[in-house]
$ cat start-v3.cif   # mmCIF, C-alpha atoms
data_target
#
loop_
_atom_site.label_atom_id
_atom_site.label_comp_id
_atom_site.auth_asym_id
_atom_site.auth_seq_id
_atom_site.Cartn_x
_atom_site.Cartn_y
_atom_site.Cartn_z
CA GLY A 1 84.04 95.30 115.22
CA ILE A 2 87.84 95.45 115.64
CA SER A 3 90.75 94.40 113.43
CA LYS A 4 92.25 90.94 113.83
CA HIS A 5 95.57 92.10 115.34
CA PRO A 6 94.02 93.70 118.48
CA ALA A 7 91.72 90.69 118.75
CA ALA A 8 94.72 88.34 118.62
CA ARG A 9 96.52 90.34 121.32
CA ARG A 10 93.48 90.24 123.56
CA TYR A 11 93.15 86.49 123.09
CA LEU A 12 96.81 85.99 124.06
CA ARG A 13 96.10 87.92 127.26
CA LEU A 14 93.14 85.68 127.98
CA LYS A 15 95.30 82.60 127.44
CA GLU A 16 97.70 83.90 130.09
CA HIS A 17 94.76 83.84 132.51
CA GLY A 18 93.80 80.24 131.74
CA VAL A 19 91.20 80.85 129.02
CA ARG A 20 91.47 78.49 126.06
CA VAL A 21 89.57 77.56 122.93
CA ARG A 22 89.87 73.83 122.35
CA GLY A 23 88.68 71.48 119.66
CA ALA A 24 86.41 68.79 121.11
CA LEU A 25 85.75 65.51 119.32
CA ASN A 26 82.02 64.81 119.25
CA ARG A 27 82.00 61.03 118.93
CA PHE A 28 78.20 61.10 119.03
CA ARG A 29 78.29 62.26 115.40
CA LEU A 30 80.37 59.17 114.57
CA GLY A 31 77.68 56.86 115.87
CA HIS A 32 79.14 56.49 119.36
CA HIS A 33 77.03 56.54 122.51
CA ALA A 34 77.16 59.45 124.94
CA TRP A 35 76.68 58.70 128.63
CA THR A 36 76.58 60.79 131.76
CA LEU A 37 77.95 58.94 134.78
CA ARG A 38 77.18 59.63 138.42
CA LEU A 39 79.42 57.98 141.00
CA ARG A 40 79.05 58.12 144.78
CA CYS A 41 82.06 57.08 146.82
CA THR A 42 83.78 57.35 150.19
CA PRO A 43 85.49 60.74 150.76
CA ASP A 44 89.01 59.26 150.57
CA ALA A 45 88.31 57.68 147.16
CA GLY A 46 86.79 60.72 145.45
CA PRO A 47 89.89 62.71 144.39
CA VAL A 48 91.83 59.63 143.28
CA LEU A 49 88.95 58.26 141.21
CA ALA A 50 88.21 61.67 139.66
CA GLN A 51 91.86 62.01 138.59
CA ALA A 52 91.81 58.53 137.04
CA LEU A 53 88.67 59.41 135.07
CA ALA A 54 90.17 62.71 133.91
CA ARG A 55 93.18 60.94 132.41
CA ARG A 56 91.01 58.88 130.05
CA ASP A 57 90.65 60.00 126.42
CA ASP A 58 86.94 59.15 126.33
CA THR A 59 85.86 61.27 129.32
CA PHE A 60 84.95 64.95 129.50
CA TRP A 61 83.73 67.39 132.14
CA VAL A 62 84.86 65.45 135.18
CA HIS A 63 83.48 67.11 138.32
CA LEU A 64 84.24 66.32 141.96
CA MET A 65 81.10 67.26 143.90
CA SER A 66 79.23 67.17 147.18
CA GLY A 67 82.23 67.62 149.47
CA GLY A 68 84.28 65.05 147.55
CA THR A 69 81.83 62.17 147.92
CA GLU A 70 80.40 62.32 144.40
CA ILE A 71 81.74 62.47 140.84
CA SER A 72 80.02 63.16 137.55
CA CYS A 73 81.45 62.95 134.06
CA LEU A 74 80.55 62.46 130.42
CA GLN A 75 81.82 59.47 128.49
CA GLN A 76 81.55 58.67 124.77
CA VAL A 77 81.96 55.03 123.72
CA LYS A 78 81.31 52.89 120.64
CA SER A 79 79.02 50.55 122.56
CA PRO A 80 77.66 50.22 126.11
CA ASP A 81 80.06 47.28 126.58
CA GLU A 82 82.92 49.80 126.71
CA LEU A 83 81.57 51.65 129.75
CA LEU A 84 84.16 51.57 132.53
CA LEU A 85 81.75 50.53 135.27
CA ASP A 86 83.32 47.10 135.74
CA ARG A 87 86.79 48.59 136.21
CA LEU A 88 86.00 51.01 139.02
CA PRO A 89 87.38 50.59 142.56
CA ARG A 90 85.33 48.93 145.29
CA ARG A 91 85.09 52.02 147.46
CA LEU A 92 82.11 53.19 145.43
CA VAL A 93 78.82 53.51 147.24
CA ASP A 94 76.63 53.83 144.17
CA VAL A 95 77.03 54.07 140.39
CA SER A 96 74.50 55.13 137.76
CA ALA A 97 74.94 55.54 134.01
CA HIS A 98 72.45 57.48 131.90
CA ASN A 99 72.42 57.35 128.11
CA VAL A 100 72.20 60.82 126.53
CA LEU A 101 69.20 60.82 124.20
CA ARG A 102 69.09 64.47 123.12
CA GLY A 103 71.41 67.38 123.76
CA PHE A 104 69.97 70.85 124.33
CA ALA A 105 73.09 72.81 125.38
CA SER A 106 76.59 71.55 124.64
CA PRO A 107 79.45 71.69 127.17
CA GLY A 108 81.71 74.67 126.64
CA THR A 109 79.00 76.91 125.20
CA TRP A 110 78.36 78.72 128.48
CA ARG A 111 76.80 82.12 127.79
CA GLY A 112 77.18 83.67 131.23
CA ILE A 113 80.11 85.81 130.09
CA ALA A 114 79.08 86.14 126.46
CA CYS A 115 78.94 89.60 124.91
CA LEU A 116 77.77 88.55 121.45
CA GLU A 117 74.26 89.17 120.25
CA PRO A 118 72.28 86.00 119.41
CA GLY A 119 72.60 86.67 115.70
CA GLU A 120 76.36 87.14 115.96
CA ALA A 121 76.80 83.91 117.90
CA GLU A 122 74.63 82.03 115.39
CA ALA A 123 76.69 83.37 112.49
CA LEU A 124 79.81 81.76 113.97
CA GLN A 125 78.25 78.30 114.03
CA PRO A 126 78.79 76.02 111.01
CA GLU A 127 75.81 74.77 109.04
CA LEU A 128 75.83 71.09 109.91
CA GLU A 129 75.57 68.50 107.16
CA PRO A 130 72.41 66.37 107.41
CA GLU A 131 74.33 63.11 107.78
CA PRO A 132 77.06 62.51 110.39
CA ALA A 133 80.58 61.67 109.32
CA ALA A 134 81.25 58.08 108.26
CA GLY A 135 84.55 57.86 110.11
CA LEU A 136 87.93 59.47 110.73
CA THR A 137 90.98 59.26 108.52
CA PRO A 138 94.49 59.17 110.04
CA LEU A 139 94.87 62.81 108.94
CA ASP A 140 91.61 63.72 110.70
CA GLU A 141 92.83 62.15 113.92
CA ALA A 142 96.13 64.04 113.70
CA LEU A 143 94.34 67.35 113.10
CA LEU A 144 91.93 66.75 115.99
CA LYS A 145 94.83 66.00 118.33
CA ILE A 146 96.39 69.39 117.55
CA LEU A 147 93.09 71.26 117.79
CA GLU A 148 92.34 69.65 121.15
CA THR A 149 95.34 71.53 122.53
CA ASP A 150 94.75 74.76 120.59
CA GLY A 151 91.40 75.24 118.91
CA ARG A 152 92.71 78.39 117.22
CA ALA A 153 95.73 76.78 115.55
CA SER A 154 96.12 78.24 112.06
CA ILE A 155 95.74 76.23 108.87
CA ALA A 156 99.45 76.81 108.20
CA GLU A 157 100.33 75.31 111.60
CA LEU A 158 98.02 72.35 111.06
CA ALA A 159 99.44 71.67 107.61
CA ALA A 160 103.05 71.91 108.74
CA THR A 161 102.56 69.68 111.77
CA THR A 162 100.65 66.99 109.89
CA ARG A 163 102.88 67.29 106.79
CA THR A 164 100.08 67.97 104.37
CA SER A 165 99.12 70.89 102.14
CA GLU A 166 97.23 73.88 103.49
CA SER A 167 94.38 73.25 101.06
CA THR A 168 94.01 69.66 102.29
CA ALA A 169 94.17 70.71 105.95
CA ARG A 170 91.57 73.43 105.37
CA ARG A 171 89.25 71.03 103.52
CA ARG A 172 89.44 68.36 106.25
CA VAL A 173 88.89 70.87 109.09
CA GLU A 174 85.89 72.35 107.30
CA HIS A 175 84.48 68.86 106.80
CA LEU A 176 84.98 67.98 110.48
CA ARG A 177 83.25 71.21 111.52
CA LYS A 178 80.29 70.85 109.15
CA SER A 179 79.81 67.19 110.05
CA GLY A 180 79.65 68.18 113.73
CA VAL A 181 82.57 65.91 114.66
CA LEU A 182 84.74 68.91 115.59
CA GLU A 183 83.29 71.39 118.08
CA LEU A 184 85.19 74.48 119.18
CA GLN A 185 84.52 75.01 122.86
CA LEU A 186 85.52 77.50 125.52
CA ASP A 187 87.71 75.92 128.19
CA ALA A 188 87.81 78.33 131.13
CA ASP A 189 87.10 78.34 134.84
CA PRO A 190 83.96 80.47 135.41
CA ALA A 191 85.33 81.40 138.85
CA ARG A 192 87.92 83.59 137.08
CA PHE A 193 85.00 85.75 135.94
CA GLY A 194 83.33 85.92 139.34
CA PHE A 195 81.01 82.92 138.92
CA GLU A 196 82.03 81.04 142.05
CA THR A 197 79.14 78.60 142.38
CA GLN A 198 78.65 75.65 140.04
CA ALA A 199 76.25 72.74 140.34
CA ARG A 200 74.93 69.68 138.58
CA LEU A 201 71.16 69.25 138.40
CA TRP A 202 69.16 66.07 137.94
CA MET A 203 65.50 66.67 137.15
CA ARG A 204 62.51 64.38 136.87
CA VAL A 205 60.29 65.77 134.13
CA GLU A 206 57.01 64.52 132.75
CA PRO A 207 57.73 63.06 129.28
CA ARG A 208 55.26 65.36 127.55
CA ASN A 209 57.14 68.40 128.94
CA LEU A 210 60.68 67.08 128.49
CA ALA A 211 61.47 68.69 125.11
CA ALA A 212 60.10 72.08 126.13
CA ALA A 213 61.93 72.04 129.46
CA GLY A 214 65.22 71.14 127.79
CA ALA A 215 64.81 73.83 125.15
CA ALA A 216 64.05 76.39 127.87
CA LEU A 217 67.18 75.44 129.83
CA ALA A 218 69.27 75.97 126.69
CA THR A 219 68.25 79.65 126.70
CA HIS A 220 69.34 80.25 130.30
CA PRO A 221 72.73 82.02 130.56
CA GLU A 222 73.49 80.01 133.72
CA VAL A 223 73.38 76.69 131.82
CA TYR A 224 76.40 75.31 129.99
CA PHE A 225 75.13 71.76 129.51
CA ALA A 226 71.65 70.27 129.29
CA ALA A 227 70.48 66.92 127.93
CA ALA A 228 67.63 64.45 128.04
CA THR A 229 68.76 61.07 129.37
CA THR A 230 67.51 57.66 130.30
CA GLY A 231 66.74 56.90 133.92
CA PRO A 232 64.35 58.30 136.52
CA ALA A 233 66.10 61.70 136.37
CA ASN A 234 65.51 62.25 132.68
CA LEU A 235 66.89 65.80 132.33
CA VAL A 236 70.40 66.72 133.47
CA ALA A 237 72.02 70.15 133.46
CA SER A 238 75.18 71.92 134.61
CA VAL A 239 74.88 75.51 135.81
CA THR A 240 77.16 78.24 137.08
CA CYS A 241 76.20 81.26 139.19
CA ARG A 242 77.95 84.07 141.02
CA SER A 243 76.95 82.88 144.49
CA GLY A 244 74.90 80.41 146.45
CA GLY A 245 72.15 82.99 146.74
CA GLU A 246 72.04 83.38 142.97
CA LEU A 247 71.88 79.59 142.57
CA TYR A 248 68.96 79.52 145.01
CA ARG A 249 67.11 82.16 142.99
CA TYR A 250 67.85 80.29 139.76
CA LEU A 251 66.47 77.03 141.16
CA THR A 252 63.35 78.56 142.67
CA GLU A 253 62.51 81.13 140.01
CA ARG A 254 63.78 79.68 136.72
CA VAL A 255 63.85 75.92 137.17
CA GLY A 256 60.87 75.97 139.51
CA SER A 257 58.72 77.68 136.88
CA LEU A 258 59.31 75.06 134.16
CA ASP A 259 56.23 73.02 133.36
CA GLY A 260 56.42 69.34 134.16
CA VAL A 261 59.46 69.42 136.48
CA ARG A 262 58.43 67.21 139.38
CA GLU A 263 61.70 66.94 141.28
CA THR A 264 65.16 68.51 141.17
CA GLU A 265 68.31 67.21 142.85
CA THR A 266 71.28 69.60 143.15
CA ALA A 267 74.93 68.65 143.73
CA PRO A 268 77.44 71.51 144.18
CA VAL A 269 80.67 71.20 142.20
CA LEU A 270 83.72 71.23 144.45
CA ARG A 271 86.32 71.03 141.68
CA THR A 272 86.43 70.47 137.93
CA LEU A 273 89.34 68.23 137.01
CA LYS A 274 88.68 68.16 133.29
CA ARG A 275 86.57 70.16 130.89
CA VAL A 276 87.05 69.80 127.14
CA ALA A 277 90.50 68.29 127.67
CA MET A 278 92.99 67.86 130.46
CA SER A 279 95.36 70.81 130.85
CA GLU A 280 99.09 70.23 130.59
CA ASP A 281 99.50 71.39 134.21
CA ASP A 282 96.93 68.90 135.46
CA ALA A 283 98.40 66.07 133.40
CA SER A 284 101.85 66.83 134.80
CA SER A 285 100.62 66.95 138.40
CA TYR A 286 98.78 63.63 138.00
CA ARG A 287 101.92 61.93 136.70
CA THR A 288 103.87 63.07 139.76
#

$ encode --input "start-v3.cif" --output "structure tokens"
Amino acid sequence: GISKHPAARRYLRLKEHGVRVRGALNRFRLGHHAWTLRLRCTPDAGPVLAQALARRDDTFWVHLMSGGTEISCLQQVKSPDELLLDRLPRRLVDVSAHNVLRGFASPGTWRGIACLEPGEAEALQPELEPEPAAGLTPLDEALLKILETDGRASIAELAATTRTSESTARRRVEHLRKSGVLELQLDADPARFGFETQARLWMRVEPRNLAAAGAALATHPEVYFAAATTGPANLVASVTCRSGGELYRYLTERVGSLDGVRETETAPVLRTLKRVAMSEDDASSYRT
């Protein structure tokens, strides 16, 4: 309900406080496999391993959890043979990899701070094409690289940087959006908005209730990721709350009331090293 110039100024202010919109490459729409990894390690190995995972191009949402003894992350690969499990250090206590079968809430779509009405939010989403994209062109890859840094880069900027016409850049970006390969996600630390407590949940749900439980989680403002996976814990979710007390109420009142949930395991997030992409500050600190 405001003009674009005040909106642009407000967004610049948000960027100064670490809030970004980034373009995320959804390799799942290209036929790749999405996996959620859970790694348990000795306390001295946790930070180093988490940093190494964050530097990889095929990982997202790298969390250091449980006092530094546990790590979780998402990885997208062409085939299970490309999973990095055989290249991990020996100080790991336990490793589990769970194939993502169905996504219910995508990373970066956290609604805890949202002020849009459901209809407004839905109007901003592209109408996905029925078939996923066949592959990426060199121009697509160049555009995605720019949008990963700044998801609000203008068509003029994209065209100038990739040395193509604005009409071509606009057409390719629209195709990437409608095919679901390009997702625009919020990259911000919820703690900046007063949501100090984050956690990863692994739930064991009866198969007949799995779809309904996942769909219900997707409506919870505390949830910014939820998916059905393989493995004994067949429903995984990431949540953020204002406090430990609020997390307790969420687990007992919201999650506890879902039909078919037999068991829930909770791991508090100590630090998030990577969300949609690694920040320039983090990348610089890791190199030093």

$ atom_distance --input "start-v3.cif" --atom1 "atom CA of Leu176 of chain A" --atom2 "atom CA of Leu147 of chain A"
11.4 Å

$ residues_around --input "start-v3.cif" --residues "segment 210-213 of chain A" --least-positions-apart "2" --cutoff "12 Å" --atoms "only C-alpha atoms" --output "ChimeraX atom specification"
/A:101-105,203-208,215-220,226-230,233-237,254-262

$ resolve_selection --input "start-v3.cif" --expression "the PyMOL selection byres ((chain A and resi 73) around 7)" --output "number ranges by chain"
A: 36-38, 59-63, 71-72, 74-75

$ atom_distance --input "start-v3.cif" --atom1 "atom CA of Leu124 of chain A" --atom2 "atom CA of Glu148 of chain A"
18.8 Å

$ resolve_selection --input "start-v3.cif" --expression "the PyMOL selection byres ((chain A and resi 180) around 8)" --output "VMD selection string"
chain A and resid 26 29 128 to 129 132 to 133 176 to 179 181 to 183

$ write_last_selection --input "start-v3.cif" --atoms "C-alpha atoms" --output "mmCIF file, keeping the file's coordinate frame"
data_model
loop_
_atom_site.group_PDB
_atom_site.id
_atom_site.type_symbol
_atom_site.label_atom_id
_atom_site.label_comp_id
_atom_site.auth_asym_id
_atom_site.auth_seq_id
_atom_site.Cartn_x
_atom_site.Cartn_y
_atom_site.Cartn_z
ATOM 1 C CA ASN A 26 82.020 64.810 119.250
ATOM 2 C CA ARG A 29 78.290 62.260 115.400
ATOM 3 C CA LEU A 128 75.830 71.090 109.910
ATOM 4 C CA GLU A 129 75.570 68.500 107.160
ATOM 5 C CA PRO A 132 77.060 62.510 110.390
ATOM 6 C CA ALA A 133 80.580 61.670 109.320
ATOM 7 C CA LEU A 176 84.980 67.980 110.480
ATOM 8 C CA ARG A 177 83.250 71.210 111.520
ATOM 9 C CA LYS A 178 80.290 70.850 109.150
ATOM 10 C CA SER A 179 79.810 67.190 110.050
ATOM 11 C CA VAL A 181 82.570 65.910 114.660
ATOM 12 C CA LEU A 182 84.740 68.910 115.590
ATOM 13 C CA GLU A 183 83.290 71.390 118.080
#

$ closest_atom_pairs --input "start-v3.cif" --of "segment 94-170 of chain A" --to "segment 40-51 of chain A" --cutoff "9 Å" --atoms "all atoms listed in the file" --output "tab-separated table"
residue	atom	partner	partner_atom	distance
A:Asp94	CA	A:Arg40	CA	5.0
A:Val95	CA	A:Arg40	CA	6.3
A:Ser96	CA	A:Arg40	CA	8.9

$ residues_around --input "start-v3.cif" --residues "Val21 of chain A" --least-positions-apart "5" --cutoff "12 Å" --atoms "all atoms listed in the file" --output "number ranges by chain"
A: 11-12, 14-15, 108-109, 146-153, 183-188, 275-277, 279

$ atom_distance --input "start-v3.cif" --atom1 "atom CA of Val223 of chain A" --atom2 "atom CA of Ser106 of chain A"
9.4 Å

$ resolve_selection --input "start-v3.cif" --expression "the PyMOL selection byres ((chain A and resi 268) around 9)" --output "ChimeraX atom specification"
/A:64-67,197-201,266-267,269-270

$ closest_residue --input "start-v3.cif" --among "A:Glu157, A:Glu196, A:Asp189, A:Glu246" --to "Lys274 of chain A" --atoms "all atoms listed in the file"
A:Asp189

$ residues_around --input "start-v3.cif" --residues "Arg170 of chain A" --least-positions-apart "2" --cutoff "10 Å" --atoms "only C-alpha atoms" --output "short mmCIF file (atom, residue, chain, number, x, y, z; two decimals) with C-alpha atoms, in the coordinates of the input"
data_model
loop_
_atom_site.label_atom_id
_atom_site.label_comp_id
_atom_site.auth_asym_id
_atom_site.auth_seq_id
_atom_site.Cartn_x
_atom_site.Cartn_y
_atom_site.Cartn_z
CA SER A 154 96.12 78.24 112.06
CA ILE A 155 95.74 76.23 108.87
CA ALA A 156 99.45 76.81 108.20
CA LEU A 158 98.02 72.35 111.06
CA ALA A 159 99.44 71.67 107.61
CA SER A 165 99.12 70.89 102.14
CA GLU A 166 97.23 73.88 103.49
CA SER A 167 94.38 73.25 101.06
CA THR A 168 94.01 69.66 102.29
CA ARG A 172 89.44 68.36 106.25
CA VAL A 173 88.89 70.87 109.09
CA GLU A 174 85.89 72.35 107.30
CA HIS A 175 84.48 68.86 106.80
CA LEU A 176 84.98 67.98 110.48
#

$ residues_around --input "start-v3.cif" --residues "Gly231 of chain A" --least-positions-apart "6" --cutoff "9 Å" --atoms "only C-alpha atoms" --output "number ranges by chain"
A: 96-99

$ closest_residue --input "start-v3.cif" --among "A:His32, A:Arg271, A:Arg171, A:Arg13" --to "Pro80 of chain A" --atoms "all atoms listed in the file"
A:His32

$ closest_residue --input "start-v3.cif" --among "A:Glu16, A:Glu70, A:Glu141, A:Glu82" --to "Leu39 of chain A" --atoms "all atoms listed in the file"
A:Glu70
